[in-house]
Every structure is written in structure tokens, then in C-alpha cells.
$ cat work36.cif   # mmCIF, C-alpha atoms
data_final
loop_
_atom_site.group_PDB
_atom_site.id
_atom_site.type_symbol
_atom_site.label_atom_id
_atom_site.label_comp_id
_atom_site.auth_asym_id
_atom_site.auth_seq_id
_atom_site.Cartn_x
_atom_site.Cartn_y
_atom_site.Cartn_z
ATOM 1 C CA MET A 1 197.549 38.478 134.453
ATOM 2 C CA LYS A 2 194.384 39.459 136.332
ATOM 3 C CA PHE A 3 195.767 43.018 136.708
ATOM 4 C CA PHE A 4 196.302 43.324 132.946
ATOM 5 C CA LYS A 5 192.762 42.110 132.205
ATOM 6 C CA MET A 6 191.320 44.616 134.697
ATOM 7 C CA THR A 7 193.468 47.405 133.249
ATOM 8 C CA ALA A 8 192.441 46.476 129.699
ATOM 9 C CA LEU A 9 188.795 46.378 130.740
ATOM 10 C CA ALA A 10 189.057 49.771 132.451
ATOM 11 C CA ALA A 11 190.811 51.247 129.419
ATOM 12 C CA SER A 12 188.143 49.920 127.076
ATOM 13 C CA VAL A 13 185.388 51.380 129.272
ATOM 14 C CA VAL A 14 187.132 54.778 129.285
ATOM 15 C CA CYS A 15 187.654 54.648 125.510
ATOM 16 C CA ALA A 16 184.043 53.600 124.954
ATOM 17 C CA GLY A 17 182.914 56.585 127.033
ATOM 18 C CA VAL A 18 185.019 58.929 124.935
ATOM 19 C CA ALA A 19 183.888 57.367 121.653
ATOM 20 C CA ALA A 20 180.243 57.554 122.708
ATOM 21 C CA LYS A 21 180.477 61.338 123.229
ATOM 22 C CA ALA A 22 179.236 63.128 120.128
ATOM 23 C CA ALA A 23 180.986 66.203 118.837
ATOM 24 C CA THR A 24 179.511 69.695 118.932
ATOM 25 C CA ILE A 25 177.779 71.203 115.917
ATOM 26 C CA ALA A 26 180.896 73.271 115.150
ATOM 27 C CA GLU A 27 183.170 70.220 115.417
ATOM 28 C CA ILE A 28 180.974 68.133 113.133
ATOM 29 C CA ALA A 29 180.831 70.913 110.524
ATOM 30 C CA SER A 30 184.585 71.534 110.761
ATOM 31 C CA ASN A 31 185.289 67.874 110.057
ATOM 32 C CA ASP A 32 182.983 67.619 107.039
ATOM 33 C CA ASP A 33 184.202 68.842 103.639
ATOM 34 C CA ARG A 34 180.626 69.697 102.600
ATOM 35 C CA PHE A 35 180.604 72.601 105.088
ATOM 36 C CA THR A 36 183.901 74.435 104.462
ATOM 37 C CA THR A 37 182.115 77.636 103.367
ATOM 38 C CA LEU A 38 179.736 77.501 106.325
ATOM 39 C CA VAL A 39 182.651 77.006 108.728
ATOM 40 C CA ALA A 40 184.584 79.907 107.147
ATOM 41 C CA ALA A 41 181.498 82.120 107.434
ATOM 42 C CA ALA A 42 180.852 81.106 111.078
ATOM 43 C CA SER A 43 184.465 81.870 111.869
ATOM 44 C CA ALA A 44 184.343 85.273 110.130
ATOM 45 C CA ALA A 45 181.136 86.105 112.022
ATOM 46 C CA GLY A 46 182.598 85.014 115.360
ATOM 47 C CA LEU A 47 179.933 82.336 115.817
ATOM 48 C CA VAL A 48 182.112 79.252 116.315
ATOM 49 C CA ASP A 49 181.848 79.555 120.111
ATOM 50 C CA THR A 50 178.052 79.716 119.794
ATOM 51 C CA LEU A 51 178.052 76.502 117.750
ATOM 52 C CA ASN A 52 180.350 74.878 120.321
ATOM 53 C CA SER A 53 178.363 76.025 123.348
ATOM 54 C CA PRO A 54 176.283 73.676 125.467
ATOM 55 C CA GLY A 55 172.592 73.740 124.842
ATOM 56 C CA HIS A 56 170.030 72.515 122.399
ATOM 57 C CA LEU A 57 170.412 74.048 118.960
ATOM 58 C CA THR A 58 169.036 73.151 115.563
ATOM 59 C CA VAL A 59 171.163 74.235 112.629
ATOM 60 C CA PHE A 60 169.902 74.179 109.068
ATOM 61 C CA ALA A 61 173.358 73.805 107.524
ATOM 62 C CA PRO A 62 173.805 74.781 103.874
ATOM 63 C CA VAL A 63 176.369 72.774 101.933
ATOM 64 C CA ASN A 64 179.130 74.435 99.920
ATOM 65 C CA ASP A 65 177.093 74.122 96.701
ATOM 66 C CA ALA A 66 174.299 76.155 98.329
ATOM 67 C CA PHE A 67 176.706 79.033 98.957
ATOM 68 C CA ALA A 68 178.129 78.669 95.445
ATOM 69 C CA ALA A 69 174.595 79.038 94.010
ATOM 70 C CA LEU A 70 174.240 82.540 95.495
ATOM 71 C CA PRO A 71 174.765 85.422 93.049
ATOM 72 C CA GLU A 72 178.424 85.880 92.126
ATOM 73 C CA GLY A 73 180.380 87.814 94.748
ATOM 74 C CA THR A 74 177.779 87.392 97.522
ATOM 75 C CA VAL A 75 179.886 85.115 99.732
ATOM 76 C CA GLU A 76 183.016 87.194 99.240
ATOM 77 C CA THR A 77 181.105 90.360 100.119
ATOM 78 C CA LEU A 78 179.564 88.819 103.242
ATOM 79 C CA LEU A 79 182.980 87.606 104.439
ATOM 80 C CA LYS A 80 184.424 91.144 104.458
ATOM 81 C CA PRO A 81 184.957 92.477 108.006
ATOM 82 C CA GLU A 82 182.757 95.511 107.350
ATOM 83 C CA ASN A 83 179.818 93.151 106.587
ATOM 84 C CA LYS A 84 180.141 91.069 109.752
ATOM 85 C CA ASP A 85 176.716 92.139 111.086
ATOM 86 C CA GLN A 86 174.965 91.145 107.862
ATOM 87 C CA LEU A 87 176.836 87.817 107.759
ATOM 88 C CA THR A 88 175.936 87.161 111.399
ATOM 89 C CA ASN A 89 172.253 87.810 110.645
ATOM 90 C CA VAL A 90 172.284 85.412 107.683
ATOM 91 C CA LEU A 91 173.959 82.686 109.743
ATOM 92 C CA LEU A 92 171.723 83.128 112.801
ATOM 93 C CA TYR A 93 168.745 82.810 110.474
ATOM 94 C CA HIS A 94 169.822 79.155 110.100
ATOM 95 C CA VAL A 95 169.821 78.429 113.867
ATOM 96 C CA ASP A 96 166.937 77.692 116.233
ATOM 97 C CA ASP A 97 167.600 77.657 119.980
ATOM 98 C CA ARG A 98 165.745 74.363 120.432
ATOM 99 C CA LYS A 99 166.655 70.851 119.365
ATOM 100 C CA LEU A 100 164.165 70.006 116.611
ATOM 101 C CA THR A 101 164.612 66.534 115.186
ATOM 102 C CA SER A 102 162.661 65.461 112.131
ATOM 103 C CA GLY A 103 160.553 63.189 114.339
ATOM 104 C CA MET A 104 159.395 66.236 116.313
ATOM 105 C CA LEU A 105 157.969 67.971 113.248
ATOM 106 C CA PRO A 106 154.250 67.466 112.734
ATOM 107 C CA SER A 107 153.015 66.687 109.250
ATOM 108 C CA GLY A 108 152.176 69.952 107.528
ATOM 109 C CA SER A 109 153.562 73.448 107.911
ATOM 110 C CA MET A 110 154.723 75.350 110.958
ATOM 111 C CA TYR A 111 156.643 78.511 111.720
ATOM 112 C CA VAL A 112 159.883 78.346 113.676
ATOM 113 C CA LYS A 113 161.674 81.327 115.145
ATOM 114 C CA PRO A 114 165.400 81.299 114.462
ATOM 115 C CA ILE A 115 167.853 83.047 116.764
ATOM 116 C CA LEU A 116 167.568 86.040 114.422
ATOM 117 C CA ALA A 117 164.540 87.039 116.501
ATOM 118 C CA SER A 118 162.816 89.384 114.098
ATOM 119 C CA GLU A 119 162.395 86.670 111.487
ATOM 120 C CA ARG A 120 160.524 83.387 110.931
ATOM 121 C CA LEU A 121 161.106 80.262 108.863
ATOM 122 C CA CYS A 122 158.381 77.980 107.564
ATOM 123 C CA ILE A 123 159.046 74.264 107.948
ATOM 124 C CA ASN A 124 156.942 71.930 105.812
ATOM 125 C CA SER A 125 157.046 68.252 106.694
ATOM 126 C CA SER A 126 155.383 65.660 104.486
ATOM 127 C CA ALA A 127 155.838 62.111 103.258
ATOM 128 C CA SER A 128 158.014 63.474 100.444
ATOM 129 C CA GLY A 129 160.434 65.212 102.841
ATOM 130 C CA VAL A 130 161.096 68.378 104.783
ATOM 131 C CA THR A 131 161.512 71.835 103.283
ATOM 132 C CA VAL A 132 162.365 75.203 104.807
ATOM 133 C CA ALA A 133 160.996 78.437 103.323
ATOM 134 C CA ASP A 134 162.843 81.680 104.038
ATOM 135 C CA GLY A 135 162.059 85.370 103.864
ATOM 136 C CA SER A 136 163.288 85.721 100.288
ATOM 137 C CA GLY A 137 160.743 83.263 98.912
ATOM 138 C CA GLU A 138 163.292 80.492 98.424
ATOM 139 C CA VAL A 139 162.665 76.939 99.598
ATOM 140 C CA ALA A 140 165.509 74.724 100.809
ATOM 141 C CA ASN A 141 165.241 70.961 100.896
ATOM 142 C CA VAL A 142 166.502 69.051 103.914
ATOM 143 C CA VAL A 143 168.776 66.550 102.156
ATOM 144 C CA ILE A 144 170.122 64.915 105.335
ATOM 145 C CA ALA A 145 168.199 65.110 108.600
ATOM 146 C CA ASP A 146 169.090 64.540 112.216
ATOM 147 C CA ILE A 147 172.876 64.599 112.427
ATOM 148 C CA GLN A 148 173.153 64.376 116.205
ATOM 149 C CA ALA A 149 175.610 66.570 118.108
ATOM 150 C CA ASP A 150 176.322 67.073 121.800
ATOM 151 C CA ASN A 151 174.608 70.434 121.678
ATOM 152 C CA GLY A 152 171.820 69.825 119.209
ATOM 153 C CA VAL A 153 171.063 68.594 115.734
ATOM 154 C CA ILE A 154 172.087 69.469 112.179
ATOM 155 C CA HIS A 155 169.776 69.292 109.178
ATOM 156 C CA VAL A 156 171.703 69.593 105.909
ATOM 157 C CA ILE A 157 169.993 71.875 103.374
ATOM 158 C CA ASP A 158 170.602 72.616 99.707
ATOM 159 C CA LYS A 159 170.076 76.413 99.753
ATOM 160 C CA VAL A 160 171.247 79.326 101.863
ATOM 161 C CA LEU A 161 168.332 80.825 103.806
ATOM 162 C CA LEU A 162 168.023 84.604 103.565
ATOM 163 C CA PRO A 163 166.034 86.896 105.852
ATOM 164 C CA GLY A 164 163.353 89.059 104.332
ATOM 165 C CA THR A 165 159.603 89.144 104.635
ATOM 166 C CA ARG A 166 157.767 86.519 106.663
ATOM 167 C CA PRO A 167 157.376 83.441 104.440
ATOM 168 C CA ASP A 168 153.943 82.129 103.597
ATOM 169 C CA CYS A 169 153.349 79.067 105.748
ATOM 170 C CA HIS A 170 150.287 77.086 104.800
#
$ encode --input "work36.cif" --output "C-alpha cells"
Amino acid sequence: MKFFKMTALAASVVCAGVAAKAATIAEIASNDDRFTTLVAAASAAGLVDTLNSPGHLTVFAPVNDAFAALPEGTVETLLKPENKDQLTNVLLYHVDDRKLTSGMLPSGSMYVKPILASERLCINSSASGVTVADGSGEVANVVIADIQADNGVIHVIDKVLLPGTRPDCH
């Protein structure tokens, strides 16, 4: 009887250790129906391994409705193999190579440099919420913050961020 209790205890400790391990950013997105377009785009761009890799990433993850709000045909065009570089640039514009939780954002505005190195995003944090301004002049709202992953954090946004000119950040 003592053996069975020890075995059960050991098994529960092992299971607790497995359950306590968070999934990667890619795994979380793949298991969430709100991100099917994002996952398809990451796959087409060959970025799934990047979103599974160890490290500290912040992903501003647009929901399916954000992609659907783009002009008609935009997503289909970006998913074509000949547009892989453009798709990769759009997706990397949503990723910072640091883990930035909402608690780390000072009140006010600040620039962040996404992995798409030539560009900047403007994060505005206030009592009313967090927004992200992109290079096209659009502003995305963070609708869910701080989804923790093994390799970083996901902030769910309601618009697709597009590179362009440096956003005004004041």
C-alpha cells in the first residue's frame, strides 16, 4: 500500500510539472480559434519555428476579425508564395524580441522596435487601456493583455499592424 501511495505521489508531481509548463506562443495561437488566420500566415511565412523558439518575445497578435477587416483580397494576396517576403515583414512587425508585459509599460507613449528592424511601433499606455500605433496611421487596441507563454507574452489586438512611416508617438 505504501508503494502505491508513493507511486501516486510521484506521478502527481510529474503531472503537476507538466501541467505547470506553459505552451509556446505558436502552440497557444494554434490552439485558439481566434488566431486561425494568424497561424496560417505564420505557417506560410515559415515563422512557426520562430514563434516556438526559446527566448523572450512579445507578439501583438491580431484576431481573425482584424485580418478580415483588411481590404478585400489582402490576406489572400499576402498568402501567395511569391509574396512571402512581404508577409514575413508584416508578421515580424507584430513581434518584439523582448518580453514586454503590460505591467512593464510606463504610463504614456513609447516607441518599441519590432523584429522588422527598420520600423517602429508606438505603444500608448493609459488608465483606459493600451494601444499600438503602426506605420500606416492605424491604431490597434490591446483587447487581451499578458497571455503568458514559455517563450514570451501575447497581447491580443483588434487590427493588423502595417509597416510604413514612423508613427507619431506623443
$ atom_distance --input "work36.cif" --atom1 "CA of Gly46 in chain A" --atom2 "CA of Ile25 in chain A"
14.6 Å
$ resolve_selection --input "work36.cif" --expression "the PyMOL selection byres ((chain A and resi 93) around 8)" --output "short mmCIF file (atom, residue, chain, number, x, y, z; two decimals) with C-alpha atoms, keeping the file's coordinate frame"
data_model
loop_
_atom_site.label_atom_id
_atom_site.label_comp_id
_atom_site.auth_asym_id
_atom_site.auth_seq_id
_atom_site.Cartn_x
_atom_site.Cartn_y
_atom_site.Cartn_z
CA ASN A 89 172.25 87.81 110.64
CA VAL A 90 172.28 85.41 107.68
CA LEU A 91 173.96 82.69 109.74
CA LEU A 92 171.72 83.13 112.80
CA HIS A 94 169.82 79.16 110.10
CA VAL A 95 169.82 78.43 113.87
CA ASP A 96 166.94 77.69 116.23
CA PRO A 114 165.40 81.30 114.46
CA ILE A 115 167.85 83.05 116.76
CA LEU A 116 167.57 86.04 114.42
CA GLU A 119 162.40 86.67 111.49
CA LEU A 161 168.33 80.82 103.81
CA LEU A 162 168.02 84.60 103.56
CA PRO A 163 166.03 86.90 105.85
#
$ resolve_selection --input "work36.cif" --expression "the PyMOL selection byres ((chain A and resi 123-139) around 7)" --output "PyMOL selection string"
chain A and resi 105-111+121-122+140-142+161-167
$ resolve_selection --input "work36.cif" --expression "the PyMOL selection byres ((chain A and resi 62-76) around 7)" --output "PyMOL selection string"
chain A and resi 34-38+60-61+77-80+156-160
$ atom_distance --input "work36.cif" --atom1 "CA of Ala23 in chain A" --atom2 "CA of Ile147 in chain A"
10.5 Å
$ residues_around --input "work36.cif" --residues "Pro81 in chain A" --least-positions-apart "4" --cutoff "10 Å" --atoms "all atoms listed in the file" --output "PyMOL selection string"
chain A and resi 44-45+77+85+87
$ closest_residue --input "work36.cif" --among "A:Val59, A:Asn52, A:Ala41, A:Val112" --to "Gln86 in chain A" --atoms "all atoms listed in the file"
A:Ala41
$ closest_residue --input "work36.cif" --among "A:Asp146, A:Glu27, A:Glu82, A:Asp168" --to "Arg120 in chain A" --atoms "all atoms listed in the file"
A:Asp168
$ atom_distance --input "work36.cif" --atom1 "CA of Val39 in chain A" --atom2 "CA of Thr24 in chain A"
12.9 Å
$ axis_aligned_box --input "work36.cif" --around "range 112-120 of chain A" --padding-each-side "4 Å" --output "JSON"
{"center_x": 163.9, "center_y": 83.9, "center_z": 113.8, "size_x": 16.0, "size_y": 19.0, "size_z": 13.8}
$ residues_around --input "work36.cif" --residues "Asp150 in chain A" --least-positions-apart "4" --cutoff "12 Å" --atoms "all atoms listed in the file" --output "list in words"
Ala20, Lys21, Ala22, Ala23, Thr24, Ile25, Ala26, Glu27, Ile28, Leu51, Asn52, Ser53, Pro54, Gly55, His56, Leu57, Thr58, Lys99 and Ile154 of chain A
$ write_last_selection --input "work36.cif" --atoms "C-alpha atoms" --output "compact mmCIF listing (two decimals), in the coordinates of the input"
# COMPACT_ATOMS: atom_id res chain seq x y z
CA ALA A 20 180.24 57.55 122.71
CA LYS A 21 180.48 61.34 123.23
CA ALA A 22 179.24 63.13 120.13
CA ALA A 23 180.99 66.20 118.84
CA THR A 24 179.51 69.69 118.93
CA ILE A 25 177.78 71.20 115.92
CA ALA A 26 180.90 73.27 115.15
CA GLU A 27 183.17 70.22 115.42
CA ILE A 28 180.97 68.13 113.13
CA LEU A 51 178.05 76.50 117.75
CA ASN A 52 180.35 74.88 120.32
CA SER A 53 178.36 76.03 123.35
CA PRO A 54 176.28 73.68 125.47
CA GLY A 55 172.59 73.74 124.84
CA HIS A 56 170.03 72.52 122.40
CA LEU A 57 170.41 74.05 118.96
CA THR A 58 169.04 73.15 115.56
CA LYS A 99 166.66 70.85 119.36
CA ILE A 154 172.09 69.47 112.18
